[in-house]
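Q: Structure file start_23.csv (CSV, C-alpha atoms) is given on the next line.
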```csv
chain,number,residue,atom,x,y,z
S,138,MET,CA,-11.4,-45.8,0.0
S,139,THR,CA,-10.3,-45.1,3.5
S,140,GLU,CA,-12.2,-45.1,6.8
S,141,ASP,CA,-11.6,-42.6,9.7
S,142,PRO,CA,-11.0,-44.8,12.7
S,143,THR,CA,-12.6,-42.2,15.0
S,144,SER,CA,-15.7,-41.2,13.1
S,145,GLY,CA,-16.1,-44.2,10.8
S,146,GLN,CA,-16.5,-41.8,7.9
S,147,LEU,CA,-15.5,-43.2,4.5
S,148,THR,CA,-13.6,-41.1,2.0
S,149,LEU,CA,-13.1,-42.0,-1.7
S,150,SER,CA,-10.2,-40.4,-3.4
S,151,ALA,CA,-8.1,-40.7,-6.5
S,152,TRP,CA,-4.7,-39.0,-6.7
S,153,HIS,CA,-2.8,-37.8,-9.7
S,154,VAL,CA,0.9,-37.0,-9.3
S,155,SER,CA,2.8,-34.9,-11.9
S,156,GLY,CA,6.0,-33.0,-11.6
S,157,GLY,CA,6.0,-33.0,-7.8
S,158,THR,CA,2.4,-31.8,-7.6
S,159,VAL,CA,-0.3,-33.9,-6.0
S,160,ALA,CA,-3.9,-33.2,-7.0
S,161,LEU,CA,-7.1,-34.8,-5.7
S,162,ALA,CA,-9.1,-35.8,-8.7
S,163,CYS,CA,-12.2,-37.2,-7.0
S,164,LYS,CA,-13.6,-37.2,-3.5
S,165,VAL,CA,-16.8,-37.4,-1.6
S,166,PRO,CA,-18.4,-34.0,-0.9
S,167,GLY,CA,-18.1,-32.8,2.6
S,168,THR,CA,-14.7,-34.4,3.2
S,169,GLU,CA,-12.6,-31.3,2.4
S,170,LYS,CA,-9.9,-30.4,4.9
S,171,MET,CA,-9.6,-26.8,6.1
S,172,ALA,CA,-6.1,-25.3,6.2
S,173,ARG,CA,-5.6,-22.5,8.8
S,174,PHE,CA,-3.5,-19.5,8.0
S,175,TYR,CA,-2.9,-16.1,9.7
S,176,LYS,CA,-2.2,-12.6,8.5
S,177,GLY,CA,-0.6,-9.8,10.6
S,178,VAL,CA,-1.7,-6.2,9.9
S,179,GLY,CA,0.3,-3.4,11.5
S,180,VAL,CA,-1.1,-0.1,12.8
S,181,GLY,CA,-1.0,2.5,9.9
S,182,THR,CA,-0.3,0.0,7.2
S,183,HIS,CA,-2.3,-0.5,4.0
S,184,LEU,CA,-5.0,-2.9,5.3
S,185,HIS,CA,-5.3,-1.6,8.9
S,186,GLY,CA,-8.2,0.7,8.3
S,187,THR,CA,-10.4,-2.1,6.8
S,188,ASP,CA,-12.1,-5.0,8.6
S,189,LEU,CA,-11.0,-7.9,6.4
S,190,ARG,CA,-13.7,-10.1,7.9
S,191,THR,CA,-16.2,-8.0,5.9
S,192,THR,CA,-14.2,-7.3,2.8
S,193,GLY,CA,-11.8,-10.2,2.3
S,194,ILE,CA,-8.2,-9.5,1.2
S,195,VAL,CA,-7.3,-8.2,-2.2
S,196,ALA,CA,-3.6,-8.0,-3.5
S,197,ARG,CA,-2.3,-4.5,-4.2
S,198,ASN,CA,-2.0,-5.3,-7.9
S,199,PRO,CA,-4.2,-8.4,-8.5
S,200,GLY,CA,-4.0,-8.1,-12.3
S,201,ALA,CA,-0.2,-8.3,-12.5
S,202,THR,CA,1.5,-11.4,-13.8
S,203,SER,CA,2.1,-13.9,-11.0
S,204,SER,CA,5.4,-15.2,-12.2
S,205,VAL,CA,8.2,-16.8,-10.1
S,206,SER,CA,10.2,-13.6,-10.3
S,207,ALA,CA,7.2,-11.6,-9.0
S,208,LEU,CA,6.8,-14.2,-6.3
S,209,MET,CA,10.5,-13.8,-5.2
S,210,ALA,CA,10.4,-10.0,-5.3
S,211,HIS,CA,7.3,-10.0,-3.1
S,212,ILE,CA,9.0,-12.1,-0.4
S,213,ALA,CA,12.6,-10.8,-0.7
S,214,HIS,CA,12.0,-7.1,-1.4
S,215,GLY,CA,8.5,-6.5,-0.1
S,216,THR,CA,7.2,-5.3,-3.6
S,217,THR,CA,4.1,-3.2,-3.0
S,218,THR,CA,2.7,-3.7,-6.5
S,219,SER,CA,2.6,-7.4,-6.1
S,220,PRO,CA,-0.2,-9.7,-7.3
S,221,PHE,CA,0.3,-11.8,-4.1
S,222,ILE,CA,-1.1,-11.8,-0.5
S,223,SER,CA,1.2,-13.2,2.1
S,224,LEU,CA,-0.2,-15.6,4.7
S,225,THR,CA,1.5,-17.7,7.3
S,226,ARG,CA,0.8,-21.0,9.0
S,227,SER,CA,2.2,-19.5,12.2
S,228,TYR,CA,0.3,-17.3,14.6
S,229,GLY,CA,3.6,-16.2,16.1
S,230,VAL,CA,4.9,-15.0,12.8
S,231,ALA,CA,1.7,-13.1,12.0
S,232,ARG,CA,1.9,-11.4,15.5
S,233,ASP,CA,5.5,-10.4,14.9
S,234,TYR,CA,4.6,-8.8,11.6
S,235,ALA,CA,1.5,-7.1,13.1
S,236,VAL,CA,3.4,-5.5,16.0
S,237,ASN,CA,6.9,-4.9,14.4
S,238,ALA,CA,5.6,-3.6,11.1
S,239,SER,CA,3.3,-1.1,12.8
S,240,ARG,CA,4.0,2.6,12.0
S,241,ALA,CA,2.8,3.6,15.4
S,242,MET,CA,2.9,1.7,18.7
S,243,PRO,CA,-0.1,-0.6,18.9
S,244,THR,CA,-2.3,0.2,21.9
S,245,ALA,CA,-5.5,-1.2,23.4
S,246,SER,CA,-7.5,1.6,21.7
S,247,ILE,CA,-5.6,1.3,18.4
S,248,PRO,CA,-4.3,-2.3,18.2
S,249,ALA,CA,-2.5,-4.2,15.5
S,250,TYR,CA,-4.4,-7.2,14.2
S,251,VAL,CA,-3.9,-10.8,13.4
S,252,TYR,CA,-6.5,-12.3,11.2
S,253,GLU,CA,-7.4,-16.0,11.3
S,254,ILE,CA,-8.1,-17.5,7.9
S,255,ASP,CA,-9.5,-20.9,7.0
S,256,ILE,CA,-9.2,-22.1,3.3
S,257,ASP,CA,-10.1,-25.3,1.7
S,258,ASP,CA,-10.4,-26.3,-2.0
S,259,THR,CA,-14.0,-25.3,-2.3
S,260,HIS,CA,-13.1,-21.6,-2.0
S,261,ASN,CA,-11.4,-21.4,-5.4
S,262,VAL,CA,-8.3,-19.7,-4.0
S,263,SER,CA,-5.1,-19.7,-6.0
S,264,ALA,CA,-2.5,-20.7,-3.3
S,265,ARG,CA,1.3,-20.9,-4.1
S,266,ASP,CA,4.0,-22.6,-2.2
S,267,PRO,CA,7.0,-20.3,-2.7
S,268,ILE,CA,9.6,-22.8,-1.6
S,269,CYS,CA,8.5,-25.4,-4.2
S,270,GLU,CA,8.2,-22.9,-7.0
S,271,ILE,CA,11.5,-21.2,-6.3
S,272,ALA,CA,13.3,-24.6,-6.0
S,273,ARG,CA,11.9,-25.7,-9.3
S,274,SER,CA,13.2,-22.5,-10.9
S,275,VAL,CA,16.8,-23.0,-9.7
S,276,ASN,CA,17.4,-26.7,-10.2
S,277,ASN,CA,20.4,-26.2,-12.6
S,278,LEU,CA,23.5,-26.6,-10.4
S,279,PHE,CA,25.7,-25.2,-13.2
S,280,ALA,CA,23.7,-22.0,-13.7
S,281,ASN,CA,25.5,-18.7,-12.9
S,282,ILE,CA,22.7,-17.5,-10.6
S,283,SER,CA,21.2,-20.0,-8.1
S,284,TYR,CA,20.5,-20.0,-4.4
S,285,GLN,CA,23.9,-21.1,-3.2
S,286,HIS,CA,25.9,-18.6,-1.2
S,287,ASN,CA,29.7,-18.3,-0.6
S,288,GLY,CA,29.6,-17.3,3.1
S,289,ASP,CA,30.3,-19.5,6.1
S,290,GLN,CA,27.9,-21.7,8.1
S,291,SER,CA,26.6,-18.7,10.1
S,292,TYR,CA,25.8,-16.6,7.0
S,293,LEU,CA,22.1,-17.7,6.9
S,294,LEU,CA,21.6,-16.1,10.3
S,295,GLY,CA,22.0,-12.8,8.6
S,296,VAL,CA,19.5,-13.7,5.9
S,297,VAL,CA,17.0,-14.7,8.5
S,298,ASP,CA,17.6,-11.6,10.7
S,299,PRO,CA,19.3,-8.9,8.6
S,300,ILE,CA,18.9,-6.3,11.4
S,301,GLY,CA,20.1,-8.3,14.4
S,302,ASN,CA,22.8,-10.2,12.4
S,303,ARG,CA,23.8,-7.6,9.9
S,304,ALA,CA,27.5,-8.2,10.5
S,305,ARG,CA,27.1,-11.8,9.3
S,306,LEU,CA,25.7,-10.5,6.0
S,307,GLN,CA,28.6,-8.0,5.5
S,308,ALA,CA,31.6,-10.0,6.7
S,309,PRO,CA,34.0,-10.9,3.8
S,310,PRO,CA,33.5,-14.5,2.8
S,311,PRO,CA,36.4,-16.8,3.7
S,312,GLN,CA,38.9,-17.5,0.9
S,313,PRO,CA,41.8,-20.0,0.6
S,314,LYS,CA,45.0,-18.8,2.1
S,315,THR,CA,46.7,-19.0,-1.3
S,316,MET,CA,44.2,-16.3,-2.5
S,317,GLY,CA,45.3,-13.9,0.3
S,318,GLY,CA,42.6,-14.7,2.8
S,319,SER,CA,39.3,-12.7,2.7
S,320,SER,CA,39.1,-10.3,-0.3
S,321,ALA,CA,35.5,-10.2,-1.5
S,322,PRO,CA,33.4,-7.3,0.0
S,323,SER,CA,30.5,-9.5,1.2
S,324,PRO,CA,29.1,-13.0,0.6
S,325,ARG,CA,26.8,-13.5,-2.4
S,326,LEU,CA,23.1,-13.1,-1.7
S,327,THR,CA,20.8,-13.8,-4.6
S,328,THR,CA,17.1,-13.0,-4.6
S,329,GLU,CA,16.5,-16.7,-4.9
S,330,LEU,CA,18.3,-17.5,-1.6
S,331,GLU,CA,16.7,-14.5,0.2
S,332,ALA,CA,13.2,-15.6,-0.9
S,333,LEU,CA,13.8,-19.2,0.0
S,334,VAL,CA,15.1,-18.5,3.5
S,335,ARG,CA,12.5,-15.9,4.4
S,336,GLY,CA,9.7,-18.0,3.0
S,337,LEU,CA,10.8,-20.8,5.4
S,338,ARG,CA,11.3,-18.3,8.2
S,339,ASP,CA,7.8,-17.0,7.9
S,340,ALA,CA,6.1,-20.3,7.2
S,341,GLU,CA,4.7,-18.4,4.2
S,342,VAL,CA,2.1,-19.3,1.7
S,343,LEU,CA,1.1,-16.8,-1.1
S,344,ILE,CA,-2.4,-16.3,-2.5
S,345,ALA,CA,-2.6,-14.9,-6.0
S,346,GLY,CA,-5.4,-12.2,-6.4
S,347,MET,CA,-7.6,-12.4,-3.4
S,348,VAL,CA,-8.8,-14.2,-0.3
S,349,PRO,CA,-12.6,-14.3,-0.1
S,350,GLN,CA,-14.4,-12.7,2.8
S,351,ALA,CA,-15.9,-16.1,3.8
S,352,CYS,CA,-12.4,-17.4,4.6
S,353,VAL,CA,-11.6,-14.6,7.1
S,354,ILE,CA,-13.1,-16.0,10.3
S,355,HIS,CA,-11.6,-14.1,13.3
S,356,ARG,CA,-9.5,-11.1,14.3
S,357,TYR,CA,-7.2,-10.8,17.3
S,358,ASP,CA,-6.1,-7.5,18.8
S,359,GLU,CA,-2.4,-7.2,19.4
S,360,TYR,CA,-0.6,-4.6,21.4
```
Show how you would write the structure in this file as structure tokens.
A:
Amino acid sequence: MTEDPTSGQLTLSAWHVSGGTVALACKVPGTEKMARFYKGVGVGTHLHGTDLRTTGIVARNPGATSSVSALMAHIAHGTTTSPFISLTRSYGVARDYAVNASRAMPTASIPAYVYEIDIDDTHNVSARDPICEIARSVNNLFANISYQHNGDQSYLLGVVDPIGNRARLQAPPPQPKTMGGSSAPSPRLTTELEALVRGLRDAEVLIAGMVPQACVIHRYDEY
């Protein structure tokens, strides 16, 4: 049992730890903590014509298998038939997506949107941490396919920003002089690495299936 030094409220909790996952087994009702997320919606994109405050958010293919490979494809390749919904902990990331992913320039009359979303464990939402799940799937250092790359130390800049730093993605990876210098066409970029880096870049959390309407609490116009 712990006491909040500010409010004096007591919280009773029991924790179970298994395989890196921490689960709350018992707690006093009313002590749940809200987590705040954001979602950017660009002008002309799939969700722009709907007010998510009244409908909630449903994945494009909520019945699909929510495997780790589907999770990685959603992040790295933008798979449109995904069972996942991307949220971010960062308002700035959501705003970048809303504005930059718009198919027409956002204006005051037709803005892009950033939705503010509050979720706690009473909402029965299936949230997935992509970094943890991908890391667990590539923990064999002797596997042929993993997340390690063979570029130099600036290579990740190209993974983070493939448009602004495309040259870093395409530059031949350094090789020992005895091998004739640079010979490979480009460094190795696996889906695992791409998904890990972009998940971190976007402070991303994935929701499997849907986000209930009750969780979508505010909408900001962006232009």
Q: Might you pull out every residue within 9 Å of range 208-220 of chain S, with only C-alpha atoms counted and same-chain residues fewer than 6 positions away left off, and present them as a PyMOL selection string?
A: chain S and resi 195-202+265+267+270-271+328-333+335-336+341+343-347
Q: Applying 6 Å and all atoms listed in the file, which residues near range 189-194 of chain S remain after dropping the ones on its own chain fewer than 2 positions away? List them as JSON, numbers by chain.
A: {"S": [187, 347, 348, 349, 350, 353]}
Q: Quick one, how far is CA of His355 in chain S from CA of Asp255 in chain S?
A: 9.5 Å
Q: Quote the spacing between CA of Glu253 in chain S and CA of Val205 in chain S in Å to one decimal place.
A: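 Straight-line distance from CA of Glu253 in chain S to CA of Val205 in chain S works out to 26.5 Å.
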Q: Quote the spacing between CA of Phe279 in chain S and CA of Pro324 in chain S in Å to one decimal place.
A: 18.7 Å
Q: In terms of the shortest atom-to-atom distance over only C-alpha atoms, which of S:Val334, S:Leu184, S:Ile222, S:Ala235 is closest to Leu294 in chain S?
A: S:Val334
Q: At a cut-off of 12 Å, using all atoms listed in the file, what residues contact Asp298 in chain S? Leave out same-chain residues fewer than 4 positions from it and give the result as a list in words.
A: Ser291, Tyr292, Leu293, Leu294, Asn302, Arg303, Ala304, Arg305, Leu306, Glu331, Val334, Arg335, Arg338 and Asp339 of chain S
Q: Can you pull out the residues contacting Thr244 in chain S? Cut-off 8 Å, using all atoms listed in the file, and skip same-chain residues under 3 positions away; I want them as a list in words.
A: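 My list of contacting residues is Ile247, Pro248, Ala249, Glu359 and Tyr360 of chain S.
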Q: Go ahead and save the residues from that selection, with C-alpha atoms, as a PDB file, keeping the file's coordinate frame.
A:
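So selection-v6.pdb came out as:
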```pdb
ATOM      1  CA  ILE S 247      -5.600   1.300  18.400  1.00  0.00           C
ATOM      2  CA  PRO S 248      -4.300  -2.300  18.200  1.00  0.00           C
ATOM      3  CA  ALA S 249      -2.500  -4.200  15.500  1.00  0.00           C
ATOM      4  CA  GLU S 359      -2.400  -7.200  19.400  1.00  0.00           C
ATOM      5  CA  TYR S 360      -0.600  -4.600  21.400  1.00  0.00           C
TER       6      TYR S 360
END
```
Q: Find, counting only C-alpha atoms, the residue in S:Gln290, S:Asn281, S:Ser274, S:Gln307 that gets nearest to Ser206 in chain S.
A: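 Checking each of S:Gln290, S:Asn281, S:Ser274, S:Gln307 against Ser206 in chain S, counting only C-alpha atoms, the winner is S:Ser274.
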Q: Between S:Ala172, S:Ala272, S:Leu326, S:Val180, which has the minimum distance to Gly288 in chain S (counting all atoms listed in the file)?
A: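 Nearest candidate to Gly288 in chain S out of S:Ala172, S:Ala272, S:Leu326, S:Val180: S:Leu326.
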Q: With all atoms listed in the file as the atoms that count, which of S:Arg356, S:His286, S:Lys176, S:Lys170 lies nearest to Thr225 in chain S?
A: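 Smallest distance to Thr225 in chain S is found for S:Lys176.
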Q: Give me, as a list in words, all polymer residues having an atom no more than 9 Å from Gly177 in chain S, counting all atoms listed in the file and skipping those fewer than 5 positions away in the same chain.
A: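 Contacts, in chain order: Leu224, Thr225, Tyr228, Val230, Ala231, Arg232, Asp233, Tyr234, Ala235, Val236, Ala238, Ala249, Tyr250, Val251 and Tyr252 of chain S.
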Q: Nearest residue to Asp289 in chain S out of S:Gln312, S:Ser204, S:Ser223, S:Asn276, using all atoms listed in the file?
A: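 Nearest candidate to Asp289 in chain S out of S:Gln312, S:Ser204, S:Ser223, S:Asn276: S:Gln312.
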Q: Which residue out of S:Ala264, S:Val275, S:Ala280, S:Ile300 has the minimum interatomic distance to Ser203 in chain S when all atoms listed in the file are used?
A: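 Under the stated criterion, the closest residue is S:Ala264.
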